[in-house]
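Everything below belongs to model33.json, which stores JSON, C-alpha atoms.
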[["chain", "number", "residue", "atom", "x", "y", "z"],
["B", 18, "MET", "CA", 238.49, 84.93, -54.58],
["B", 19, "THR", "CA", 237.18, 84.31, -51.07],
["B", 20, "LEU", "CA", 239.83, 84.75, -48.37],
["B", 21, "ALA", "CA", 239.75, 82.52, -45.31],
["B", 22, "LEU", "CA", 242.67, 84.32, -43.70],
["B", 23, "GLU", "CA", 244.10, 87.74, -44.46],
["B", 24, "ILE", "CA", 247.23, 89.00, -42.72],
["B", 25, "ASP", "CA", 248.30, 92.54, -43.58],
["B", 26, "ASP", "CA", 251.64, 94.02, -42.44],
["B", 27, "VAL", "CA", 251.51, 92.36, -39.02],
["B", 28, "ALA", "CA", 254.30, 93.19, -36.59],
["B", 29, "LYS", "CA", 254.71, 92.19, -32.96],
["B", 30, "ARG", "CA", 257.23, 93.64, -30.55],
["B", 31, "TYR", "CA", 258.07, 92.47, -27.04],
["B", 32, "GLY", "CA", 260.13, 95.32, -25.60],
["B", 33, "SER", "CA", 263.16, 95.65, -27.87],
["B", 34, "PHE", "CA", 262.59, 92.23, -29.48],
["B", 35, "GLU", "CA", 260.65, 92.19, -32.74],
["B", 36, "ALA", "CA", 259.00, 88.77, -33.09],
["B", 37, "LEU", "CA", 257.18, 89.66, -36.34],
["B", 38, "ARG", "CA", 258.39, 92.25, -38.83],
["B", 39, "GLY", "CA", 255.60, 93.13, -41.22],
["B", 40, "VAL", "CA", 254.14, 89.77, -42.25],
["B", 41, "SER", "CA", 251.58, 89.84, -45.07],
["B", 42, "LEU", "CA", 249.88, 86.83, -46.64],
["B", 43, "GLN", "CA", 246.50, 85.59, -47.78],
["B", 44, "VAL", "CA", 245.02, 82.10, -47.51],
["B", 45, "ARG", "CA", 242.14, 81.26, -49.84],
["B", 46, "GLU", "CA", 239.02, 79.51, -48.62],
["B", 47, "GLY", "CA", 239.38, 75.73, -48.95],
["B", 48, "GLU", "CA", 243.18, 75.86, -49.23],
["B", 49, "PHE", "CA", 245.65, 73.56, -47.44],
["B", 50, "PHE", "CA", 248.40, 76.01, -46.48],
["B", 51, "GLY", "CA", 251.76, 75.40, -44.80],
["B", 52, "LEU", "CA", 253.50, 77.85, -42.46],
["B", 53, "LEU", "CA", 257.08, 76.71, -41.92],
["B", 54, "GLY", "CA", 260.14, 78.07, -40.19],
["B", 55, "PRO", "CA", 262.86, 77.25, -37.66],
["B", 56, "ASN", "CA", 262.29, 77.60, -33.93],
["B", 57, "GLY", "CA", 261.92, 81.26, -33.04],
["B", 58, "ALA", "CA", 260.83, 82.30, -36.53],
["B", 59, "GLY", "CA", 257.54, 83.77, -35.25],
["B", 60, "LYS", "CA", 255.06, 81.05, -36.28],
["B", 61, "THR", "CA", 253.44, 80.60, -32.86],
["B", 62, "THR", "CA", 253.36, 84.37, -32.30],
["B", 63, "LEU", "CA", 251.49, 84.77, -35.59],
["B", 64, "ILE", "CA", 249.05, 82.00, -34.66],
["B", 65, "SER", "CA", 248.47, 83.63, -31.26],
["B", 66, "ILE", "CA", 247.56, 86.89, -33.01],
["B", 67, "ILE", "CA", 245.21, 85.08, -35.40],
["B", 68, "ALA", "CA", 243.54, 83.35, -32.44],
["B", 69, "GLY", "CA", 243.19, 86.55, -30.43],
["B", 70, "LEU", "CA", 245.60, 85.41, -27.71],
["B", 71, "ALA", "CA", 248.02, 88.24, -28.51],
["B", 72, "ARG", "CA", 247.53, 91.71, -29.96],
["B", 73, "ALA", "CA", 249.61, 92.80, -32.96],
["B", 74, "SER", "CA", 251.78, 95.88, -32.50],
["B", 75, "ARG", "CA", 250.96, 96.85, -36.08],
["B", 76, "GLY", "CA", 248.80, 95.57, -38.92],
["B", 77, "ARG", "CA", 245.52, 93.69, -39.09],
["B", 78, "VAL", "CA", 244.27, 90.10, -39.33],
["B", 79, "SER", "CA", 240.88, 88.83, -40.45],
["B", 80, "VAL", "CA", 239.36, 85.34, -40.42],
["B", 81, "MET", "CA", 236.62, 84.73, -43.00],
["B", 82, "GLY", "CA", 236.37, 88.50, -43.38],
["B", 83, "HIS", "CA", 236.03, 89.17, -39.64],
["B", 84, "ASP", "CA", 238.69, 91.37, -38.02],
["B", 85, "VAL", "CA", 240.19, 89.53, -35.06],
["B", 86, "VAL", "CA", 240.06, 92.71, -32.94],
["B", 87, "ASP", "CA", 237.00, 94.67, -34.09],
["B", 88, "ASP", "CA", 234.84, 91.60, -34.78],
["B", 89, "TYR", "CA", 236.52, 89.10, -32.49],
["B", 90, "ARG", "CA", 233.45, 87.02, -31.63],
["B", 91, "ALA", "CA", 232.73, 86.14, -35.26],
["B", 92, "ALA", "CA", 236.45, 85.66, -35.98],
["B", 93, "ARG", "CA", 236.85, 83.18, -33.13],
["B", 94, "ARG", "CA", 233.72, 81.26, -34.09],
["B", 95, "ALA", "CA", 235.21, 80.83, -37.56],
["B", 96, "LEU", "CA", 238.51, 79.48, -36.20],
["B", 97, "GLY", "CA", 239.67, 76.25, -34.59],
["B", 98, "VAL", "CA", 243.24, 76.09, -33.25],
["B", 99, "VAL", "CA", 245.17, 73.00, -32.15],
["B", 100, "PRO", "CA", 247.93, 74.38, -29.91],
["B", 101, "GLN", "CA", 251.44, 73.02, -29.76],
["B", 102, "GLU", "CA", 251.30, 72.62, -25.98],
["B", 103, "LEU", "CA", 249.20, 69.95, -24.24],
["B", 104, "VAL", "CA", 246.60, 72.08, -22.42],
["B", 105, "PHE", "CA", 243.71, 70.29, -20.72],
["B", 106, "ASP", "CA", 241.41, 70.41, -17.70],
["B", 107, "PRO", "CA", 242.21, 67.42, -15.44],
["B", 108, "PHE", "CA", 238.79, 67.29, -13.74],
["B", 109, "PHE", "CA", 236.57, 66.18, -16.62],
["B", 110, "THR", "CA", 236.17, 63.30, -19.01],
["B", 111, "VAL", "CA", 236.86, 63.63, -22.72],
["B", 112, "ARG", "CA", 233.16, 63.75, -23.61],
["B", 113, "GLU", "CA", 232.46, 66.34, -20.89],
["B", 114, "MET", "CA", 235.26, 68.55, -22.22],
["B", 115, "LEU", "CA", 233.87, 68.39, -25.74],
["B", 116, "ARG", "CA", 230.36, 69.20, -24.50],
["B", 117, "PHE", "CA", 231.67, 72.17, -22.49],
["B", 118, "THR", "CA", 233.64, 73.42, -25.50],
["B", 119, "SER", "CA", 230.49, 73.12, -27.64],
["B", 120, "GLY", "CA", 228.68, 75.25, -25.05],
["B", 121, "TYR", "CA", 231.30, 77.98, -25.31],
["B", 122, "TYR", "CA", 230.20, 78.41, -28.93],
["B", 123, "GLY", "CA", 226.49, 78.26, -28.08],
["B", 124, "LEU", "CA", 226.03, 74.77, -29.55],
["B", 125, "ARG", "CA", 223.43, 72.47, -28.02],
["B", 126, "ARG", "CA", 222.66, 68.87, -28.91],
["B", 127, "ASN", "CA", 226.08, 68.48, -30.52],
["B", 128, "ASP", "CA", 226.53, 64.84, -29.47],
["B", 129, "ASP", "CA", 226.25, 63.38, -32.98],
["B", 130, "TRP", "CA", 229.22, 65.43, -34.17],
["B", 131, "ILE", "CA", 231.10, 64.72, -30.92],
["B", 132, "ASP", "CA", 230.60, 60.99, -31.51],
["B", 133, "GLU", "CA", 231.90, 61.39, -35.05],
["B", 134, "LEU", "CA", 234.98, 63.24, -33.82],
["B", 135, "LEU", "CA", 235.65, 60.56, -31.20],
["B", 136, "ALA", "CA", 235.35, 57.82, -33.82],
["B", 137, "ASN", "CA", 237.53, 59.54, -36.41],
["B", 138, "LEU", "CA", 240.25, 60.33, -33.87],
["B", 139, "ASP", "CA", 240.08, 56.84, -32.31],
["B", 140, "LEU", "CA", 238.92, 58.28, -28.97],
["B", 141, "THR", "CA", 235.64, 56.40, -28.54],
["B", 142, "ALA", "CA", 237.11, 53.96, -26.00],
["B", 143, "LYS", "CA", 238.38, 56.92, -23.95],
["B", 144, "ALA", "CA", 235.23, 59.05, -24.16],
["B", 145, "ASP", "CA", 234.34, 58.57, -20.48],
["B", 146, "ALA", "CA", 237.92, 58.50, -19.19],
["B", 147, "ASN", "CA", 239.20, 61.37, -17.06],
["B", 148, "THR", "CA", 241.53, 63.56, -19.11],
["B", 149, "ARG", "CA", 244.36, 63.31, -16.58],
["B", 150, "THR", "CA", 244.55, 59.54, -17.16],
["B", 151, "LEU", "CA", 245.20, 59.91, -20.89],
["B", 152, "SER", "CA", 248.56, 59.33, -22.52],
["B", 153, "GLY", "CA", 250.28, 62.18, -24.33],
["B", 154, "GLY", "CA", 249.05, 60.93, -27.70],
["B", 155, "MET", "CA", 245.46, 60.67, -26.46],
["B", 156, "LYS", "CA", 245.61, 64.19, -25.01],
["B", 157, "ARG", "CA", 246.79, 65.40, -28.41],
["B", 158, "ARG", "CA", 243.77, 63.73, -30.02],
["B", 159, "MET", "CA", 241.46, 65.38, -27.49],
["B", 160, "LEU", "CA", 242.92, 68.82, -28.30],
["B", 161, "ILE", "CA", 242.26, 68.21, -31.98],
["B", 162, "ALA", "CA", 238.67, 67.19, -31.22],
["B", 163, "GLN", "CA", 238.20, 70.35, -29.11],
["B", 164, "ALA", "CA", 239.42, 72.54, -31.97],
["B", 165, "LEU", "CA", 236.97, 70.89, -34.38],
["B", 166, "VAL", "CA", 233.93, 70.55, -32.11],
["B", 167, "HIS", "CA", 232.22, 73.72, -33.44],
["B", 168, "ARG", "CA", 232.98, 72.82, -37.09],
["B", 169, "PRO", "CA", 235.08, 75.91, -37.82],
["B", 170, "PRO", "CA", 235.64, 76.81, -41.47],
["B", 171, "VAL", "CA", 239.31, 77.64, -40.72],
["B", 172, "ILE", "CA", 241.48, 75.14, -38.82],
["B", 173, "VAL", "CA", 245.01, 75.99, -37.62],
["B", 174, "LEU", "CA", 247.20, 73.05, -36.64],
["B", 175, "ASP", "CA", 250.33, 74.04, -34.69],
["B", 176, "GLU", "CA", 252.64, 70.99, -34.67],
["B", 177, "PRO", "CA", 249.68, 68.58, -34.37],
["B", 178, "THR", "CA", 251.77, 65.39, -34.72],
["B", 179, "ALA", "CA", 254.68, 66.36, -32.47],
["B", 180, "GLY", "CA", 255.64, 63.35, -30.37],
["B", 181, "VAL", "CA", 252.77, 61.12, -31.47],
["B", 182, "ASP", "CA", 252.76, 57.65, -32.99],
["B", 183, "VAL", "CA", 252.39, 56.70, -36.63],
["B", 184, "GLY", "CA", 248.84, 55.45, -36.09],
["B", 185, "LEU", "CA", 247.62, 58.85, -34.90],
["B", 186, "ARG", "CA", 249.36, 60.61, -37.78],
["B", 187, "GLN", "CA", 247.64, 58.41, -40.33],
["B", 188, "THR", "CA", 244.25, 58.72, -38.59],
["B", 189, "LEU", "CA", 244.60, 62.48, -38.20],
["B", 190, "TRP", "CA", 245.66, 63.21, -41.77],
["B", 191, "ALA", "CA", 242.92, 61.03, -43.24],
["B", 192, "PHE", "CA", 240.34, 63.01, -41.23],
["B", 193, "ILE", "CA", 241.90, 66.42, -41.94],
["B", 194, "ARG", "CA", 242.06, 65.63, -45.66],
["B", 195, "ARG", "CA", 238.37, 64.77, -45.55],
["B", 196, "LEU", "CA", 237.56, 68.08, -43.85],
["B", 197, "ASN", "CA", 239.63, 69.92, -46.46],
["B", 198, "ARG", "CA", 237.75, 68.17, -49.28],
["B", 199, "GLU", "CA", 234.51, 69.29, -47.63],
["B", 200, "GLY", "CA", 235.65, 72.92, -47.84],
["B", 201, "HIS", "CA", 237.50, 73.60, -44.58],
["B", 202, "THR", "CA", 240.62, 75.73, -44.82],
["B", 203, "ILE", "CA", 243.68, 74.17, -43.16],
["B", 204, "VAL", "CA", 246.77, 76.06, -41.97],
["B", 205, "LEU", "CA", 249.56, 73.73, -40.82],
["B", 206, "THR", "CA", 252.82, 74.37, -39.01],
["B", 207, "THR", "CA", 255.11, 71.37, -38.68],
["B", 208, "HIS", "CA", 258.75, 70.38, -38.46],
["B", 209, "TYR", "CA", 257.92, 67.16, -40.34],
["B", 210, "LEU", "CA", 258.56, 68.62, -43.79],
["B", 211, "GLU", "CA", 257.51, 65.45, -45.58],
["B", 212, "GLU", "CA", 254.01, 66.06, -44.19],
["B", 213, "ALA", "CA", 253.98, 69.62, -45.50],
["B", 214, "GLN", "CA", 255.24, 68.50, -48.92],
["B", 215, "GLU", "CA", 252.53, 65.87, -49.23],
["B", 216, "LEU", "CA", 249.62, 67.91, -47.84],
["B", 217, "CYS", "CA", 250.10, 71.61, -48.56],
["B", 218, "GLU", "CA", 249.21, 73.33, -51.82],
["B", 219, "ARG", "CA", 251.11, 76.49, -50.91],
["B", 220, "ILE", "CA", 253.79, 77.21, -48.34],
["B", 221, "ALA", "CA", 255.11, 80.31, -46.59],
["B", 222, "MET", "CA", 258.49, 80.16, -44.85],
["B", 223, "LEU", "CA", 259.28, 82.47, -41.95],
["B", 224, "LYS", "CA", 262.68, 83.45, -40.60],
["B", 225, "HIS", "CA", 263.36, 86.08, -37.92],
["B", 226, "GLY", "CA", 259.76, 87.25, -38.12],
["B", 227, "GLN", "CA", 259.72, 87.81, -41.88],
["B", 228, "ILE", "CA", 258.46, 85.80, -44.85],
["B", 229, "VAL", "CA", 261.44, 84.62, -46.89],
["B", 230, "ALA", "CA", 259.50, 82.38, -49.32],
["B", 231, "LEU", "CA", 255.86, 82.12, -50.38],
["B", 232, "ASP", "CA", 254.79, 79.99, -53.32],
["B", 233, "ARG", "CA", 253.09, 76.80, -54.44],
["B", 234, "THR", "CA", 254.84, 73.71, -53.11],
["B", 235, "SER", "CA", 255.49, 72.44, -56.63],
["B", 236, "ALA", "CA", 257.07, 75.78, -57.61],
["B", 237, "LEU", "CA", 259.37, 75.75, -54.57],
["B", 238, "LEU", "CA", 260.54, 72.25, -55.48],
["B", 239, "ARG", "CA", 261.18, 73.31, -59.09],
["B", 240, "GLN", "CA", 263.11, 76.35, -57.90],
["B", 241, "PHE", "CA", 265.83, 74.05, -56.58],
["B", 242, "ALA", "CA", 265.91, 71.31, -59.20],
["B", 243, "GLY", "CA", 268.42, 68.51, -58.83],
["B", 244, "GLY", "CA", 269.12, 66.69, -55.61],
["B", 245, "ARG", "CA", 271.86, 65.32, -53.38],
["B", 246, "LEU", "CA", 274.58, 62.79, -54.12],
["B", 247, "LEU", "CA", 275.40, 60.68, -51.05],
["B", 248, "VAL", "CA", 278.86, 59.12, -51.24],
["B", 249, "LYS", "CA", 281.10, 57.15, -48.93],
["B", 250, "PHE", "CA", 284.72, 56.63, -49.90],
["B", 251, "ALA", "CA", 286.67, 53.41, -49.54],
["B", 252, "SER", "CA", 289.77, 55.55, -50.01],
["B", 253, "GLY", "CA", 290.70, 59.06, -51.06],
["B", 254, "GLN", "CA", 289.84, 62.57, -49.93],
["B", 255, "LEU", "CA", 287.22, 65.00, -51.20],
["B", 256, "PRO", "CA", 288.84, 67.48, -53.64],
["B", 257, "PRO", "CA", 288.82, 71.09, -52.35],
["B", 258, "ALA", "CA", 286.84, 72.25, -55.41],
["B", 259, "LEU", "CA", 283.81, 70.28, -54.18],
["B", 260, "ALA", "CA", 283.96, 71.50, -50.57],
["B", 261, "PRO", "CA", 281.41, 74.36, -51.11],
["B", 262, "ILE", "CA", 278.68, 71.88, -52.11],
["B", 263, "CYS", "CA", 279.51, 69.24, -49.49],
["B", 264, "THR", "CA", 278.10, 68.62, -46.01],
["B", 265, "PRO", "CA", 278.45, 65.58, -43.72],
["B", 266, "ASP", "CA", 275.51, 63.18, -43.83],
["B", 267, "ASP", "CA", 273.90, 63.01, -40.39],
["B", 268, "LEU", "CA", 272.56, 59.47, -40.89],
["B", 269, "VAL", "CA", 275.69, 57.52, -41.82],
["B", 270, "PRO", "CA", 279.12, 58.23, -40.29],
["B", 271, "GLY", "CA", 281.72, 58.92, -42.95],
["B", 272, "ARG", "CA", 279.18, 59.54, -45.71],
["B", 273, "LEU", "CA", 279.11, 62.90, -47.48],
["B", 274, "SER", "CA", 276.23, 64.77, -49.08],
["B", 275, "LEU", "CA", 277.04, 66.71, -52.26],
["B", 276, "ARG", "CA", 274.49, 69.19, -53.56],
["B", 277, "VAL", "CA", 273.59, 68.62, -57.21],
["B", 278, "ASP", "CA", 271.92, 71.78, -58.53],
["B", 279, "SER", "CA", 270.96, 70.14, -61.83],
["B", 280, "TYR", "CA", 271.44, 66.64, -63.17],
["B", 281, "ASP", "CA", 273.91, 67.77, -65.84],
["B", 282, "ARG", "CA", 276.25, 68.60, -62.94],
["B", 283, "LEU", "CA", 276.39, 64.96, -61.86],
["B", 284, "GLU", "CA", 279.04, 63.77, -64.33],
["B", 285, "PRO", "CA", 281.48, 66.66, -63.61],
["B", 286, "ILE", "CA", 281.20, 65.89, -59.88],
["B", 287, "LEU", "CA", 281.97, 62.20, -60.47],
["B", 288, "ALA", "CA", 284.83, 63.14, -62.80],
["B", 289, "ALA", "CA", 286.32, 65.41, -60.12],
["B", 290, "LEU", "CA", 286.15, 62.55, -57.61],
["B", 291, "ARG", "CA", 287.88, 60.16, -60.03],
["B", 292, "GLU", "CA", 290.63, 62.68, -60.78],
["B", 293, "ALA", "CA", 291.22, 63.12, -57.04],
["B", 294, "GLY", "CA", 291.71, 59.36, -56.69],
["B", 295, "CYS", "CA", 288.54, 58.78, -54.66],
["B", 296, "VAL", "CA", 287.31, 55.17, -54.60],
["B", 297, "ILE", "CA", 283.55, 55.16, -53.95],
["B", 298, "GLU", "CA", 282.26, 52.47, -51.60],
["B", 299, "GLU", "CA", 278.61, 53.65, -51.52],
["B", 300, "MET", "CA", 276.67, 56.06, -53.71],
["B", 301, "GLU", "CA", 273.03, 57.19, -53.77],
["B", 302, "LEU", "CA", 271.28, 59.99, -55.67],
["B", 303, "LEU", "CA", 268.33, 61.61, -53.89],
["B", 304, "HIS", "CA", 265.82, 63.91, -55.58],
["B", 305, "THR", "CA", 265.23, 67.35, -54.12],
["B", 306, "ASP", "CA", 262.54, 67.37, -51.43],
["B", 307, "LEU", "CA", 261.03, 70.10, -49.30],
["B", 308, "GLU", "CA", 263.67, 69.61, -46.61],
["B", 309, "ASP", "CA", 266.40, 70.45, -49.14],
["B", 310, "VAL", "CA", 264.45, 73.50, -50.30],
["B", 311, "PHE", "CA", 263.87, 74.64, -46.71],
["B", 312, "VAL", "CA", 267.56, 74.35, -45.81],
["B", 313, "ARG", "CA", 268.64, 76.22, -48.96],
["B", 314, "ILE", "CA", 266.16, 79.05, -48.43],
["B", 315, "MET", "CA", 267.12, 79.41, -44.77],
["B", 316, "GLN", "CA", 270.82, 79.53, -45.72],
["B", 317, "ASP", "CA", 270.29, 81.97, -48.58],
["B", 318, "SER", "CA", 268.28, 84.34, -46.37],
["B", 319, "ASN", "CA", 271.06, 84.85, -43.81]]

Translate this file's structure into structure tokens.
Amino acid sequence: MTLALEIDDVAKRYGSFEALRGVSLQVREGEFFGLLGPNGAGKTTLISIIAGLARASRGRVSVMGHDVVDDYRAARRALGVVPQELVFDPFFTVREMLRFTSGYYGLRRNDDWIDELLANLDLTAKADANTRTLSGGMKRRMLIAQALVHRPPVIVLDEPTAGVDVGLRQTLWAFIRRLNREGHTIVLTTHYLEEAQELCERIAMLKHGQIVALDRTSALLRQFAGGRLLVKFASGQLPPALAPICTPDDLVPGRLSLRVDSYDRLEPILAALREAGCVIEEMELLHTDLEDVFVRIMQDSN
């Protein structure tokens, strides 16, 4: 098994605060891997260590077999990172920025690939525009192009679709899927869990600087079989026995979400509602998705 990314017992401390607490994981070459967690879980700190922007307090990281400290030049050539923040030089055009970035990696006559990046990220019309005139979505596209300009075998995407329109998401994922099919390893962090569910073969979940779940996406979904029963009452009150599995639904005022661990639990729940005199006005059964799994794992790891 060829490893694109190997993280071994990585810890990071800032004074008395421990951002990472012994994280270990391996990402195989050619894999589409998800790294998920709530804000403050340590995802960006881990990416900074992988990219060489921060030094681990303990442990080691390698990219395509190259240690990010001892063999940092080779490790950084093998890696492309799309940062969460919009970082750009306001004095150059998009094409100039991509040419300069190519030069950082010692690449000459890279214009054919730059043109392909511009076309695939719908940036061709903005190629000669100054970067400071770009919209937020266009700047995000430029950052993605910069990360890919040296054709790195490992690509890390840190919230790449945050605050961008549907068109960019579709364009980006079509291109990233193509790169993955061609053998590039993709590591994705995102708060859009439907993206992670659709794209990622395996997922690691971080909380308080530790991995609390690591498995194939399909296995995580099977781990919490069942779904949610959304109900809105015309009259009646939820019986106390169902309170532990009930949360308010954020989308519809007055609607409740009842956790259904397995489908054979559905009839007893409905029977309990009938016995309590509840008259159901609306009802919908939703299958378990990655968002449900994420919430359950985060709650169970408290």

Write out as a ChimeraX atom specification which residues come within 12 Å of Asp132 in chain B when counting all atoms listed in the file, dropping same-chain ones fewer than 2 positions away.
-> /B:111-112,115-116,126-130,134-145,162,166

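Closest approach to Gly253 in chain B among B:Val181, B:Arg194, B:Ala293, B:Leu307 is made by B:Ala293 (distances from all atoms listed in the file).
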
Using all atoms listed in the file, which residues of range 250-315 of chain B come within 10 Å of range 224-239 of chain B, and what is the closest atom pair for each, with the distance in Å to one decimal? Give it as a Markdown table, sorted by chain and residue number.
| residue | atom | partner | partner_atom | distance |
| --- | --- | --- | --- | --- |
| B:His304 | CA | B:Leu238 | CA | 9.9 |
| B:Thr305 | CA | B:Leu238 | CA | 6.9 |
| B:Asp306 | CA | B:Leu238 | CA | 6.6 |
| B:Leu307 | CA | B:Leu238 | CA | 6.6 |
| B:Glu308 | CA | B:Leu238 | CA | 9.8 |
| B:Asp309 | CA | B:Leu238 | CA | 8.8 |
| B:Val310 | CA | B:Leu238 | CA | 6.6 |
| B:Phe311 | CA | B:Leu237 | CA | 9.1 |
| B:Ile314 | CA | B:Val229 | CA | 7.5 |
| B:Met315 | CA | B:Lys224 | CA | 7.3 |

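Shown here are all protein and nucleic acid residues lying within 6 Å of (239.3, 63.7, -15.1), with only C-alpha atoms considered: Pro107, Phe108, Phe109, Thr110, Asn147, Thr148 and Arg149 of chain B.
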
Closest pair table for range 105-216 of chain B residues within 12 Å of range 37-46 of chain B, only C-alpha atoms, as CSV:
residue,atom,partner,partner_atom,distance
B:Pro170,CA,B:Glu46,CA,8.4
B:Val171,CA,B:Glu46,CA,8.1
B:Ile172,CA,B:Glu46,CA,11.0
B:Val173,CA,B:Val44,CA,11.6
B:Asn197,CA,B:Glu46,CA,9.8
B:Arg198,CA,B:Glu46,CA,11.4
B:Glu199,CA,B:Glu46,CA,11.2
B:Gly200,CA,B:Glu46,CA,7.4
B:His201,CA,B:Glu46,CA,7.3
B:Thr202,CA,B:Glu46,CA,5.6
B:Ile203,CA,B:Glu46,CA,8.9
B:Val204,CA,B:Val44,CA,8.4
B:Leu205,CA,B:Val44,CA,11.6

Figure out the distance between CA of Leu287 in chain B and CA of Pro261 in chain B, please, to one decimal in Å.
->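 Distance reported for this atom pair: 15.4 Å.
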
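Of the residues under consideration (B:Ala288, B:Ile131, B:Leu70, B:Leu52), B:Leu52 shows the shortest atom-to-atom contact distance to Glu218 in chain B when counting all atoms listed in the file.
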
Pick the closest to Ile66 in chain B from B:Leu53, B:Val86, B:Cys263, B:Leu165: which is it, counting all atoms listed in the file?
->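 Ranked by minimum distance to Ile66 in chain B, first place goes to B:Val86.
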
Student task, range 232-258 of chain B output with C-alpha atoms as a CSV table (one decimal), in the first residue's frame:
chain,number,residue,atom,x,y,z
B,232,ASP,CA,-13.8,4.6,8.9
B,233,ARG,CA,-15.2,4.2,5.5
B,234,THR,CA,-18.1,6.6,4.8
B,235,SER,CA,-20.5,3.7,4.2
B,236,ALA,CA,-19.5,2.0,7.4
B,237,LEU,CA,-20.1,5.2,9.4
B,238,LEU,CA,-23.6,5.4,7.9
B,239,ARG,CA,-24.3,1.8,8.7
B,240,GLN,CA,-23.1,2.3,12.3
B,241,PHE,CA,-26.1,4.6,12.9
B,242,ALA,CA,-28.8,2.8,10.9
B,243,GLY,CA,-32.3,4.3,10.9
B,244,GLY,CA,-33.1,7.9,10.6
B,245,ARG,CA,-35.2,10.8,11.9
B,246,LEU,CA,-39.0,11.1,12.2
B,247,LEU,CA,-40.1,14.7,11.7
B,248,VAL,CA,-43.5,15.4,13.2
B,249,LYS,CA,-45.7,18.5,13.8
B,250,PHE,CA,-48.7,18.1,16.0
B,251,ALA,CA,-52.2,19.6,15.4
B,252,SER,CA,-52.8,19.0,19.0
B,253,GLY,CA,-51.3,17.1,22.0
B,254,GLN,CA,-48.0,17.1,23.7
B,255,LEU,CA,-44.9,14.9,23.3
B,256,PRO,CA,-45.0,12.1,25.9
B,257,PRO,CA,-42.1,12.3,28.4
B,258,ALA,CA,-40.9,8.8,27.4
